[in-house]
$ cat structure-v2.cif   # mmCIF, C-alpha atoms (C1' of nucleotides) and all ligand atoms
data_structure
#
loop_
_atom_site.label_atom_id
_atom_site.label_comp_id
_atom_site.auth_asym_id
_atom_site.auth_seq_id
_atom_site.Cartn_x
_atom_site.Cartn_y
_atom_site.Cartn_z
CA MET A 19 3.07 -3.45 1.20
CA LYS A 20 4.14 0.00 0.46
CA LEU A 21 4.32 3.35 2.04
CA THR A 22 2.23 5.94 0.24
CA SER A 23 3.53 9.28 -0.91
CA ARG A 24 1.12 11.04 1.34
CA GLY A 25 2.64 9.48 4.42
CA ARG A 26 6.16 9.99 3.19
CA TYR A 27 5.53 13.61 2.30
CA ALA A 28 3.92 14.32 5.64
CA VAL A 29 7.02 13.17 7.46
CA MET A 30 9.39 14.94 5.08
CA ALA A 31 7.47 18.16 5.47
CA LEU A 32 7.38 17.96 9.23
CA VAL A 33 11.08 17.26 9.49
CA ASP A 34 11.63 20.33 7.37
CA LEU A 35 9.25 22.33 9.51
CA ALA A 36 10.87 21.17 12.72
CA ARG A 37 14.21 22.41 11.51
CA PHE A 38 13.11 25.85 10.40
CA ASP A 39 10.25 26.98 12.60
CA ASN A 40 12.37 28.30 15.45
CA ILE A 41 12.18 31.92 14.37
CA ASN A 42 9.27 32.35 11.98
CA PRO A 43 6.43 30.27 10.70
CA VAL A 44 7.43 28.27 7.66
CA SER A 45 5.41 28.69 4.48
CA LEU A 46 4.30 25.71 2.49
CA ARG A 47 5.87 27.35 -0.52
CA ASP A 48 9.29 27.05 1.12
CA ILE A 49 8.71 23.45 2.05
CA SER A 50 7.48 22.75 -1.43
CA LEU A 51 10.67 24.18 -2.92
CA ARG A 52 13.05 22.60 -0.48
CA GLN A 53 11.49 19.15 -0.52
CA GLY A 54 10.21 19.03 -4.08
CA ILE A 55 6.60 18.35 -3.16
CA SER A 56 3.64 19.84 -5.00
CA LEU A 57 2.28 22.87 -3.16
CA ASP A 58 -1.33 21.88 -3.71
CA TYR A 59 -0.71 18.45 -2.34
CA LEU A 60 1.06 19.88 0.69
CA GLU A 61 -1.98 21.98 1.40
CA GLN A 62 -4.15 18.90 1.56
CA ILE A 63 -1.71 17.25 3.87
CA PHE A 64 -1.32 20.22 6.20
CA SER A 65 -5.03 20.64 6.41
CA LYS A 66 -5.14 17.22 8.00
CA LEU A 67 -2.17 17.86 10.22
CA ARG A 68 -3.79 21.02 11.50
CA LYS A 69 -7.08 19.32 12.25
CA LYS A 70 -5.23 16.79 14.35
CA GLU A 71 -3.38 19.61 16.12
CA ILE A 72 0.06 18.57 15.06
CA VAL A 73 0.74 21.95 13.51
CA GLN A 74 -0.67 25.43 13.93
CA SER A 75 -1.31 27.83 11.10
CA VAL A 76 -0.50 31.51 10.90
CA ARG A 77 -2.42 33.28 8.20
CA GLY A 78 -1.48 36.27 6.11
CA THR A 79 1.82 37.55 4.79
CA GLN A 80 4.82 36.06 6.55
CA GLY A 81 2.46 33.35 7.69
CA GLY A 82 2.97 29.65 7.50
CA TYR A 83 2.94 26.73 9.87
CA VAL A 84 4.51 26.01 13.22
CA LEU A 85 4.67 22.81 15.23
CA ASN A 86 1.94 22.63 17.81
CA LYS A 87 3.91 20.38 20.19
CA LYS A 88 7.52 19.70 21.04
CA ALA A 89 9.21 17.69 18.33
CA LYS A 90 9.95 15.11 20.98
CA GLU A 91 6.28 14.55 21.60
CA ILE A 92 5.31 14.05 18.00
CA LYS A 93 5.67 10.40 17.16
CA LEU A 94 5.48 8.90 13.73
CA ASN A 95 2.28 7.12 14.52
CA ASN A 96 0.63 10.45 15.34
CA ILE A 97 1.65 11.79 11.98
CA PHE A 98 0.48 8.78 10.05
CA GLU A 99 -2.79 8.68 11.87
CA ALA A 100 -3.38 12.32 11.04
CA VAL A 101 -2.92 11.83 7.32
CA ASP A 102 -4.80 8.53 7.20
CA GLU A 103 -1.76 6.46 6.43
CA LYS A 104 -2.94 3.49 8.38
CA VAL A 105 -1.31 0.12 8.63
CA LYS A 106 -3.78 -2.48 7.56
CA THR A 107 -2.80 -6.10 7.44
CA VAL A 108 -5.94 -8.04 8.27
CA GLN A 109 -8.81 -8.72 5.95
CA CYS A 110 -11.66 -9.72 8.22
CA ASN A 111 -14.46 -9.09 5.76
CA LYS A 112 -17.78 -8.75 7.55
CA GLU A 113 -19.60 -10.84 5.01
CA SER A 114 -17.24 -13.43 3.66
CA LYS A 115 -18.49 -16.98 3.53
CA LYS A 116 -15.29 -18.72 4.48
CA GLY A 117 -12.24 -17.54 6.30
CA CYS A 118 -11.87 -13.92 7.19
CA ASN A 119 -15.03 -12.77 8.84
CA GLY A 120 -13.22 -11.48 11.87
CA LYS A 121 -15.81 -12.27 14.48
CA SER A 122 -16.55 -15.89 15.11
CA ILE A 123 -14.43 -17.15 12.27
CA LYS A 124 -10.82 -16.13 12.02
CA CYS A 125 -8.83 -17.27 9.05
CA VAL A 126 -5.69 -19.34 9.59
CA THR A 127 -3.47 -16.30 9.32
CA HIS A 128 -5.39 -13.71 11.28
CA ASN A 129 -3.15 -13.85 14.31
CA LEU A 130 -0.08 -13.57 12.18
CA TRP A 131 -1.27 -10.35 10.59
CA ASP A 132 -2.18 -8.97 13.94
CA GLU A 133 1.33 -9.60 15.14
CA LEU A 134 2.70 -7.95 12.02
CA GLU A 135 0.53 -4.91 12.50
CA ASN A 136 1.79 -4.52 16.05
CA HIS A 137 5.34 -5.00 14.95
CA ILE A 138 5.07 -2.17 12.47
CA ASN A 139 3.15 0.14 14.74
CA ASN A 140 5.74 -0.30 17.46
CA PHE A 141 8.31 1.12 15.14
CA PHE A 142 6.14 4.15 14.53
CA LYS A 143 5.44 4.68 18.19
CA GLU A 144 9.10 4.74 19.06
CA LYS A 145 10.28 7.30 16.55
CA SER A 146 9.75 10.96 17.28
CA LEU A 147 10.22 13.92 15.04
CA GLU A 148 13.09 14.99 17.24
CA ASP A 149 14.91 11.75 16.55
CA LEU A 150 14.62 12.37 12.85
CA VAL A 151 15.85 15.93 13.01
CA LYS A 152 18.85 14.89 15.07
CA ASP A 153 19.68 12.16 12.61
CA ASN A 154 19.61 14.64 9.80
CA ILE A 155 21.77 17.21 11.47
CA GLU A 156 24.35 14.61 12.36
CA ARG A 157 24.58 13.49 8.78
CA ARG A 158 24.62 17.08 7.59
CA ILE A 159 21.91 16.66 5.00
CA MET B 6 0.55 0.67 4.18
CA LYS B 7 -1.41 -2.40 3.60
CA LEU B 8 -0.97 -6.02 2.91
CA THR B 9 -2.44 -7.09 -0.41
CA SER B 10 -4.82 -9.98 -0.84
CA ARG B 11 -2.34 -11.74 -3.04
CA GLY B 12 0.20 -11.92 -0.25
CA ARG B 13 -2.37 -12.83 2.33
CA TYR B 14 -3.85 -15.56 0.15
CA ALA B 15 -0.45 -17.00 -0.63
CA VAL B 16 0.26 -17.50 3.03
CA MET B 17 -3.22 -18.79 3.81
CA ALA B 18 -2.96 -21.30 1.00
CA LEU B 19 0.46 -22.50 2.03
CA VAL B 20 -0.56 -22.97 5.63
CA ASP B 21 -3.42 -25.06 4.36
CA LEU B 22 -1.13 -26.99 2.08
CA ALA B 23 1.39 -27.59 4.84
CA ARG B 24 -1.29 -29.15 6.98
CA PHE B 25 -2.71 -31.48 4.40
CA ASP B 26 0.04 -32.54 2.03
CA ASN B 27 1.41 -35.35 4.17
CA ILE B 28 -0.38 -38.11 2.33
CA ASN B 29 -1.49 -36.83 -1.07
CA PRO B 30 -1.00 -33.73 -3.13
CA VAL B 31 -3.57 -31.10 -2.30
CA SER B 32 -5.69 -29.76 -5.13
CA LEU B 33 -6.28 -26.06 -5.52
CA ARG B 34 -9.95 -26.82 -5.58
CA ASP B 35 -9.77 -28.09 -2.01
CA ILE B 36 -7.80 -25.08 -0.88
CA SER B 37 -10.24 -22.83 -2.66
CA LEU B 38 -13.14 -24.39 -0.81
CA ARG B 39 -11.50 -24.54 2.59
CA GLN B 40 -10.06 -21.03 2.51
CA GLY B 41 -12.68 -19.26 0.45
CA ILE B 42 -10.30 -18.04 -2.22
CA SER B 43 -11.16 -17.90 -5.92
CA LEU B 44 -9.77 -20.91 -7.77
CA ASP B 45 -8.62 -18.86 -10.73
CA TYR B 46 -6.78 -16.48 -8.49
CA LEU B 47 -5.14 -19.35 -6.64
CA GLU B 48 -3.86 -20.67 -9.93
CA GLN B 49 -2.10 -17.43 -10.64
CA ILE B 50 -0.57 -17.45 -7.20
CA PHE B 51 0.59 -21.05 -7.34
CA SER B 52 2.11 -20.52 -10.72
CA LYS B 53 4.44 -18.02 -9.07
CA LEU B 54 5.09 -20.22 -6.08
CA ARG B 55 6.03 -23.07 -8.36
CA LYS B 56 8.42 -20.96 -10.40
CA LYS B 57 10.20 -19.98 -7.23
CA GLU B 58 10.34 -23.63 -6.18
CA ILE B 59 8.32 -23.24 -3.05
CA VAL B 60 5.83 -25.86 -4.16
CA GLN B 61 5.86 -28.73 -6.60
CA SER B 62 3.01 -29.64 -8.86
CA VAL B 63 1.60 -33.06 -9.63
CA ARG B 64 -0.44 -33.08 -12.80
CA GLY B 65 -3.37 -35.20 -13.75
CA THR B 66 -6.23 -36.68 -11.77
CA GLN B 67 -5.50 -36.87 -8.07
CA GLY B 68 -2.85 -34.27 -8.68
CA GLY B 69 -2.31 -31.07 -6.80
CA TYR B 70 0.53 -29.36 -5.06
CA VAL B 71 3.09 -30.38 -2.47
CA LEU B 72 5.62 -28.32 -0.56
CA ASN B 73 9.00 -28.39 -2.18
CA LYS B 74 10.91 -27.82 1.05
CA LYS B 75 10.45 -28.48 4.73
CA ALA B 76 7.90 -26.14 6.25
CA LYS B 77 10.61 -25.03 8.62
CA GLU B 78 12.73 -23.78 5.76
CA ILE B 79 10.04 -21.75 4.10
CA LYS B 80 10.08 -18.28 5.57
CA LEU B 81 7.49 -15.63 5.05
CA ASN B 82 9.90 -13.48 3.12
CA ASN B 83 10.40 -16.31 0.62
CA ILE B 84 6.69 -16.53 0.08
CA PHE B 85 6.20 -12.81 -0.34
CA GLU B 86 9.11 -12.53 -2.68
CA ALA B 87 7.67 -15.30 -4.82
CA VAL B 88 4.32 -13.61 -5.26
CA ASP B 89 5.79 -10.12 -5.70
CA GLU B 90 4.45 -8.82 -2.45
CA LYS B 91 7.43 -6.62 -1.82
CA VAL B 92 7.89 -4.17 0.97
CA LYS B 93 8.58 -0.81 -0.52
CA THR B 94 9.07 2.18 1.68
CA VAL B 95 11.53 4.39 -0.14
CA GLN B 96 10.76 6.61 -3.06
CA CYS B 97 14.12 7.38 -4.60
CA ASN B 98 12.84 8.46 -7.98
CA LYS B 99 15.59 8.30 -10.58
CA GLU B 100 14.66 11.59 -12.11
CA SER B 101 13.24 13.82 -9.42
CA LYS B 102 14.61 17.35 -9.27
CA LYS B 103 14.61 17.74 -5.53
CA GLY B 104 14.70 15.23 -2.73
CA CYS B 105 14.39 11.58 -3.50
CA ASN B 106 16.76 10.75 -6.28
CA GLY B 107 18.38 8.00 -4.30
CA LYS B 108 21.91 8.38 -5.62
CA SER B 109 23.76 11.55 -4.73
CA ILE B 110 20.75 13.18 -3.14
CA LYS B 111 18.84 11.43 -0.41
CA CYS B 112 15.77 13.06 0.98
CA VAL B 113 15.59 13.87 4.67
CA THR B 114 13.69 10.71 5.43
CA HIS B 115 15.47 8.16 3.29
CA ASN B 116 17.32 6.56 6.17
CA LEU B 117 14.17 6.32 8.20
CA TRP B 118 12.38 4.37 5.51
CA ASP B 119 15.34 2.13 5.09
CA GLU B 120 15.18 1.31 8.77
CA LEU B 121 11.47 0.67 8.50
CA GLU B 122 11.92 -1.63 5.58
CA ASN B 123 14.47 -3.65 7.52
CA HIS B 124 12.25 -3.74 10.53
CA ILE B 125 9.43 -5.24 8.54
CA ASN B 126 11.57 -7.65 6.60
CA ASN B 127 13.10 -8.94 9.80
CA PHE B 128 9.67 -10.02 10.89
CA PHE B 129 9.19 -11.90 7.65
CA LYS B 130 12.57 -13.55 7.84
CA GLU B 131 11.91 -14.90 11.30
CA LYS B 132 8.57 -16.54 10.67
CA SER B 133 8.47 -19.93 9.01
CA LEU B 134 5.54 -21.85 7.67
CA GLU B 135 6.12 -24.39 10.41
CA ASP B 136 5.63 -21.72 13.05
CA LEU B 137 2.30 -20.83 11.54
CA VAL B 138 1.06 -24.38 11.32
CA LYS B 139 2.00 -25.02 14.94
CA ASP B 140 0.19 -21.90 16.02
CA ASN B 141 -2.91 -23.04 14.25
CA ILE B 142 -2.90 -26.50 15.63
CA GLU B 143 -2.45 -25.21 19.15
CA ARG B 144 -5.41 -22.96 18.80
CA ARG B 145 -7.40 -25.72 17.12
CA ILE B 146 -8.55 -23.61 14.21
"C1'" DA C 13 -12.00 -41.92 -23.30
"C1'" DT C 14 -12.89 -38.91 -19.90
"C1'" DA C 15 -12.65 -36.35 -16.01
"C1'" DA C 16 -9.75 -34.14 -12.68
"C1'" DA C 17 -6.44 -30.94 -12.12
"C1'" DC C 18 -2.63 -28.22 -13.57
"C1'" DC C 19 -1.09 -24.30 -16.90
"C1'" DT C 20 -1.03 -19.82 -19.35
"C1'" DG C 21 -2.00 -15.41 -20.93
"C1'" DA C 22 -5.02 -11.89 -21.78
"C1'" DC C 23 -8.59 -9.19 -20.29
"C1'" DT C 24 -11.51 -6.19 -17.11
"C1'" DA C 25 -13.55 -3.87 -13.17
"C1'" DA C 26 -12.93 -1.60 -9.12
"C1'" DA C 27 -10.41 0.82 -5.87
"C1'" DA C 28 -6.83 3.66 -4.20
"C1'" DT C 29 -3.47 7.10 -4.94
"C1'" DA C 30 -1.46 11.24 -6.37
"C1'" DG C 31 -2.16 14.83 -7.76
"C1'" DT C 32 -4.59 19.36 -10.06
"C1'" DC C 33 -7.70 23.21 -10.20
"C1'" DA C 34 -10.57 26.91 -8.79
"C1'" DA C 35 -12.35 30.03 -5.79
"C1'" DG C 36 -12.10 31.65 -1.86
"C1'" DT C 37 -10.44 34.21 3.23
"C1'" DA C 38 -7.17 36.33 6.43
"C1'" DT C 39 -3.42 39.36 7.46
"C1'" DC C 40 0.81 41.86 6.85
"C1'" DT C 41 3.30 45.63 4.47
"C1'" DT C 42 3.42 49.84 2.33
"C1'" DA D 3 -6.78 51.38 1.11
"C1'" DA D 4 -4.34 48.30 -2.05
"C1'" DG D 5 -1.74 44.56 -3.03
"C1'" DA D 6 0.70 40.58 -2.04
"C1'" DT D 7 1.39 36.56 0.49
"C1'" DA D 8 -0.17 32.55 2.28
"C1'" DC D 9 -3.66 29.72 4.41
"C1'" DT D 10 -8.50 27.10 3.36
"C1'" DT D 11 -11.67 24.21 1.14
"C1'" DG D 12 -13.86 21.23 -1.91
"C1'" DA D 13 -14.34 19.20 -6.14
"C1'" DC D 14 -12.37 17.06 -9.95
"C1'" DT D 15 -9.23 13.89 -12.77
"C1'" DA D 16 -5.60 10.87 -14.32
"C1'" DT D 17 -2.84 7.11 -13.24
"C1'" DT D 18 -1.70 3.03 -11.17
"C1'" DT D 19 -2.46 -1.02 -8.71
"C1'" DT D 20 -5.07 -4.73 -7.26
"C1'" DA D 21 -8.22 -8.32 -7.54
"C1'" DG D 22 -10.38 -11.16 -10.06
"C1'" DT D 23 -12.37 -13.35 -14.41
"C1'" DC D 24 -12.27 -15.92 -18.60
"C1'" DA D 25 -11.00 -18.83 -22.24
"C1'" DG D 26 -8.45 -22.16 -23.93
"C1'" DG D 27 -5.17 -25.16 -23.36
"C1'" DT D 28 -2.05 -29.85 -21.48
"C1'" DT D 29 -1.17 -33.84 -18.52
"C1'" DT D 30 -2.28 -38.15 -16.36
"C1'" DA D 31 -4.89 -41.61 -13.38
"C1'" DT D 32 -8.57 -44.61 -13.83
S1 LIG E 201 -7.39 -11.66 8.50
FE1 LIG E 201 -8.86 -11.61 10.14
S2 LIG E 201 -9.98 -13.41 9.76
FE2 LIG E 201 -8.59 -13.43 8.08
S1 LIG E 202 13.23 7.86 -0.02
FE1 LIG E 202 15.21 7.60 -0.89
S2 LIG E 202 15.81 9.62 -1.33
FE2 LIG E 202 13.77 9.90 -0.52
#
$ encode --input "structure-v2.cif" --output "structure tokens"
Amino acid sequence: MKLTSRGRYAVMALVDLARFDNINPVSLRDISLRQGISLDYLEQIFSKLRKKEIVQSVRGTQGGYVLNKKAKEIKLNNIFEAVDEKVKTVQCNKESKKGCNGKSIKCVTHNLWDELENHINNFFKEKSLEDLVKDNIERRI
Amino acid sequence: MKLTSRGRYAVMALVDLARFDNINPVSLRDISLRQGISLDYLEQIFSKLRKKEIVQSVRGTQGGYVLNKKAKEIKLNNIFEAVDEKVKTVQCNKESKKGCNGKSIKCVTHNLWDELENHINNFFKEKSLEDLVKDNIERRI
DNA sequence: ATAAACCTGACTAAAATAGTCAAGTATCTT
DNA sequence: AAGATACTTGACTATTTTAGTCAGGTTTAT
């Protein structure tokens, strides 16, 4: 199981944004430079974040992005959902002969993976962007 | 983040094995049929499980595999480790200019991913094969 | 002997990921 | 009005990983 870059970048970028958007919108170029993430890739990611109303865009010179909610109200699971970083542990193939078909037949481990999925998602639901920013400021990164 | 088939199959197969190895070794062919997993793929997986001493093989006719430890002592993290299903959340690229280089420079989210990794691994360390078998018997699957 | 079952390594196809590239549009500054 | 900055979109590509196949063994009970 691994975390994809897309998910990781989304969180990195938003932590950056949360720290610097107090005065002016933050341009993706700045985030790109500070966090070492490809500008083009950031654009893809922010397009998704905007559609899910996690950030707001400001076009034109001096434009950029701003958080669309309080950092406290943005949880990790919201971010991941927005960028399609979903936790998927079950198989449950519609048309498998044996085992994982999800409906009538559940494989011997189905419940286990369900538990795991919840376990992970709980972690994401608890953490807010604000928590992350605070952590960072404390450690002076 | 998703669980790979290899990891899922390894656990499915071992749960099956744990239920049926009391009298005779269990052949991969039987597991393949019961769980709907490709025999060739199972062989790859069991080769790894054997090397990590989670199962023991019995060659020849009527051969098969047997658990090498008590089901209670086999934890999920042992299984995953054996089949290289590792949890990887950090990036920490050795040679990245900005951000994740892991040594001197840690990106703004490094600690978060570390926490996540621990969170997930704790789940794996707690669950034993015995727990899973019991669950299954209770639910009469 | 022979069949069942383990053993091994190489090979391949498909999917997902991590980007890149190109051609815009909107808005601020001068 | 011109130019620069920065958002917007969609298509395209390379790389990597995963999942699975295949072929050719060896061991051992009967
Ligand atoms: S994971 Fe859902 S039935 Fe196997
Ligand atoms: S994840 Fe370790 S430095 Fe970014």
$ interface_residues --input "structure-v2.cif" --of "chain D" --to "chain B" --cutoff "8 Å" --atoms "only C-alpha atoms (C1' of nucleotides)" --output "ChimeraX atom specification"
/D:20-23,29-31
$ axis_aligned_box --input "structure-v2.cif" --around "range 45-49 of chain B" --padding-each-side "4 Å" --output "JSON"
{"center_x": -5.4, "center_y": -18.6, "center_z": -8.7, "size_x": 14.5, "size_y": 12.2, "size_z": 12.1}
$ residues_around --input "structure-v2.cif" --residues "DG36 in chain C" --least-positions-apart "5" --cutoff "12 Å" --atoms "all atoms listed in the file" --output "ChimeraX atom specification"
/D:9-12
$ closest_residue --input "structure-v2.cif" --among "B:Ile84, B:Val92, B:Leu8, B:Cys97" --to "ligand LIG 202 (chain E)" --atoms "only C-alpha atoms and all ligand atoms"
B:Cys97
$ closest_residue --input "structure-v2.cif" --among "B:Glu122, B:Glu131, B:Lys139, B:Val95" --to "ligand LIG 202 (chain E)" --atoms "all atoms listed in the file"
B:Val95
$ residues_near_point --input "structure-v2.cif" --point "(-0.2, -20.9, 10.8)" --cutoff "8 Å" --atoms "only C-alpha atoms (C1' of nucleotides)" --output "list in words"
Val126, Thr127 and Leu130 of chain A; Met17, Val20, Leu134, Glu135, Asp136, Leu137, Val138, Lys139, Asp140, Asn141 and Ile142 of chain B
$ write_last_selection --input "structure-v2.cif" --atoms "C-alpha atoms" --output "PDB file, keeping the file's coordinate frame"
ATOM      1  CA  VAL A 126      -5.690 -19.340   9.590  1.00  0.00           C
ATOM      2  CA  THR A 127      -3.470 -16.300   9.320  1.00  0.00           C
ATOM      3  CA  LEU A 130      -0.080 -13.570  12.180  1.00  0.00           C
TER       4      LEU A 130
ATOM      5  CA  MET B  17      -3.220 -18.790   3.810  1.00  0.00           C
ATOM      6  CA  VAL B  20      -0.560 -22.970   5.630  1.00  0.00           C
ATOM      7  CA  LEU B 134       5.540 -21.850   7.670  1.00  0.00           C
ATOM      8  CA  GLU B 135       6.120 -24.390  10.410  1.00  0.00           C
ATOM      9  CA  ASP B 136       5.630 -21.720  13.050  1.00  0.00           C
ATOM     10  CA  LEU B 137       2.300 -20.830  11.540  1.00  0.00           C
ATOM     11  CA  VAL B 138       1.060 -24.380  11.320  1.00  0.00           C
ATOM     12  CA  LYS B 139       2.000 -25.020  14.940  1.00  0.00           C
ATOM     13  CA  ASP B 140       0.190 -21.900  16.020  1.00  0.00           C
ATOM     14  CA  ASN B 141      -2.910 -23.040  14.250  1.00  0.00           C
ATOM     15  CA  ILE B 142      -2.900 -26.500  15.630  1.00  0.00           C
TER      16      ILE B 142
END
$ atom_distance --input "structure-v2.cif" --atom1 "CA of Arg34 in chain B" --atom2 "CA of Glu48 in chain B"
9.7 Å
$ interface_residues --input "structure-v2.cif" --of "chain C" --to "chain A" --cutoff "10 Å" --atoms "all atoms listed in the file" --output "mmCIF file with C-alpha atoms (C1' of nucleotides), in the coordinates of the input"
data_model
loop_
_atom_site.group_PDB
_atom_site.id
_atom_site.type_symbol
_atom_site.label_atom_id
_atom_site.label_comp_id
_atom_site.auth_asym_id
_atom_site.auth_seq_id
_atom_site.Cartn_x
_atom_site.Cartn_y
_atom_site.Cartn_z
ATOM 1 C "C1'" DT C 29 -3.470 7.100 -4.940
ATOM 2 C "C1'" DA C 30 -1.460 11.240 -6.370
ATOM 3 C "C1'" DG C 31 -2.160 14.830 -7.760
ATOM 4 C "C1'" DT C 32 -4.590 19.360 -10.060
ATOM 5 C "C1'" DC C 33 -7.700 23.210 -10.200
ATOM 6 C "C1'" DT C 37 -10.440 34.210 3.230
ATOM 7 C "C1'" DA C 38 -7.170 36.330 6.430
ATOM 8 C "C1'" DT C 39 -3.420 39.360 7.460
ATOM 9 C "C1'" DC C 40 0.810 41.860 6.850
ATOM 10 C "C1'" DT C 41 3.300 45.630 4.470
#
$ atom_distance --input "structure-v2.cif" --atom1 "CA of Leu47 in chain B" --atom2 "CA of Met19 in chain A"
19.5 Å
$ interface_residues --input "structure-v2.cif" --of "chain A" --to "chain B" --cutoff "6 Å" --atoms "only C-alpha atoms" --output "list of chain:residue names"
A:Met19, A:Lys20, A:Leu21, A:Gln53, A:Gly54, A:Val105, A:Lys106, A:Thr107, A:Lys116, A:Gly117
$ atom_distance --input "structure-v2.cif" --atom1 "CA of Asn123 in chain B" --atom2 "C1' of DA28 in chain C"
25.4 Å
$ residues_around --input "structure-v2.cif" --residues "Ser133 in chain B" --least-positions-apart "6" --cutoff "7 Å" --atoms "only C-alpha atoms (C1' of nucleotides)" --output "CSV table (one decimal) with C-alpha atoms, in the coordinates of the input"
chain,number,residue,atom,x,y,z
B,76,ALA,CA,7.9,-26.1,6.2
B,77,LYS,CA,10.6,-25.0,8.6
B,78,GLU,CA,12.7,-23.8,5.8
B,79,ILE,CA,10.0,-21.8,4.1
B,80,LYS,CA,10.1,-18.3,5.6
B,81,LEU,CA,7.5,-15.6,5.0
$ closest_residue --input "structure-v2.cif" --among "A:Glu99, A:Ile41, A:Tyr83, A:Asp132" --to "ligand LIG 201 (chain E)" --atoms "only C-alpha atoms and all ligand atoms"
A:Asp132
$ build_atoms --input "structure-v2.cif" --residues "range 85-98 of chain B" --atoms "N, CA and C atoms" --output "compact mmCIF listing (two decimals), in the frame of the given file"
# COMPACT_ATOMS: atom_id res chain seq x y z
N PHE B 85 6.55 -14.14 0.17
CA PHE B 85 6.20 -12.81 -0.34
C PHE B 85 7.00 -12.46 -1.58
N GLU B 86 8.25 -12.82 -1.53
CA GLU B 86 9.11 -12.53 -2.68
C GLU B 86 8.55 -13.25 -3.91
N ALA B 87 8.16 -14.49 -3.71
CA ALA B 87 7.67 -15.30 -4.82
C ALA B 87 6.43 -14.70 -5.47
N VAL B 88 5.55 -14.14 -4.67
CA VAL B 88 4.32 -13.61 -5.26
C VAL B 88 4.38 -12.10 -5.48
N ASP B 89 5.59 -11.56 -5.46
CA ASP B 89 5.79 -10.12 -5.70
C ASP B 89 5.10 -9.21 -4.71
N GLU B 90 4.94 -9.70 -3.51
CA GLU B 90 4.45 -8.82 -2.45
C GLU B 90 5.69 -8.22 -1.81
N LYS B 91 6.20 -7.16 -2.40
CA LYS B 91 7.43 -6.62 -1.82
C LYS B 91 7.14 -5.43 -0.92
N VAL B 92 7.98 -5.31 0.06
CA VAL B 92 7.89 -4.17 0.97
C VAL B 92 8.63 -3.02 0.32
N LYS B 93 7.91 -1.95 0.09
CA LYS B 93 8.58 -0.81 -0.52
C LYS B 93 8.28 0.46 0.25
N THR B 94 9.30 0.99 0.87
CA THR B 94 9.07 2.18 1.68
C THR B 94 9.74 3.41 1.11
N VAL B 95 10.83 3.22 0.39
CA VAL B 95 11.53 4.39 -0.14
C VAL B 95 10.91 4.85 -1.45
N GLN B 96 11.23 6.06 -1.81
CA GLN B 96 10.76 6.61 -3.06
C GLN B 96 11.89 6.57 -4.07
N CYS B 97 12.91 7.39 -3.80
CA CYS B 97 14.12 7.38 -4.60
C CYS B 97 13.86 7.39 -6.10
N ASN B 98 13.14 8.37 -6.56
CA ASN B 98 12.84 8.46 -7.98
C ASN B 98 14.10 8.84 -8.75
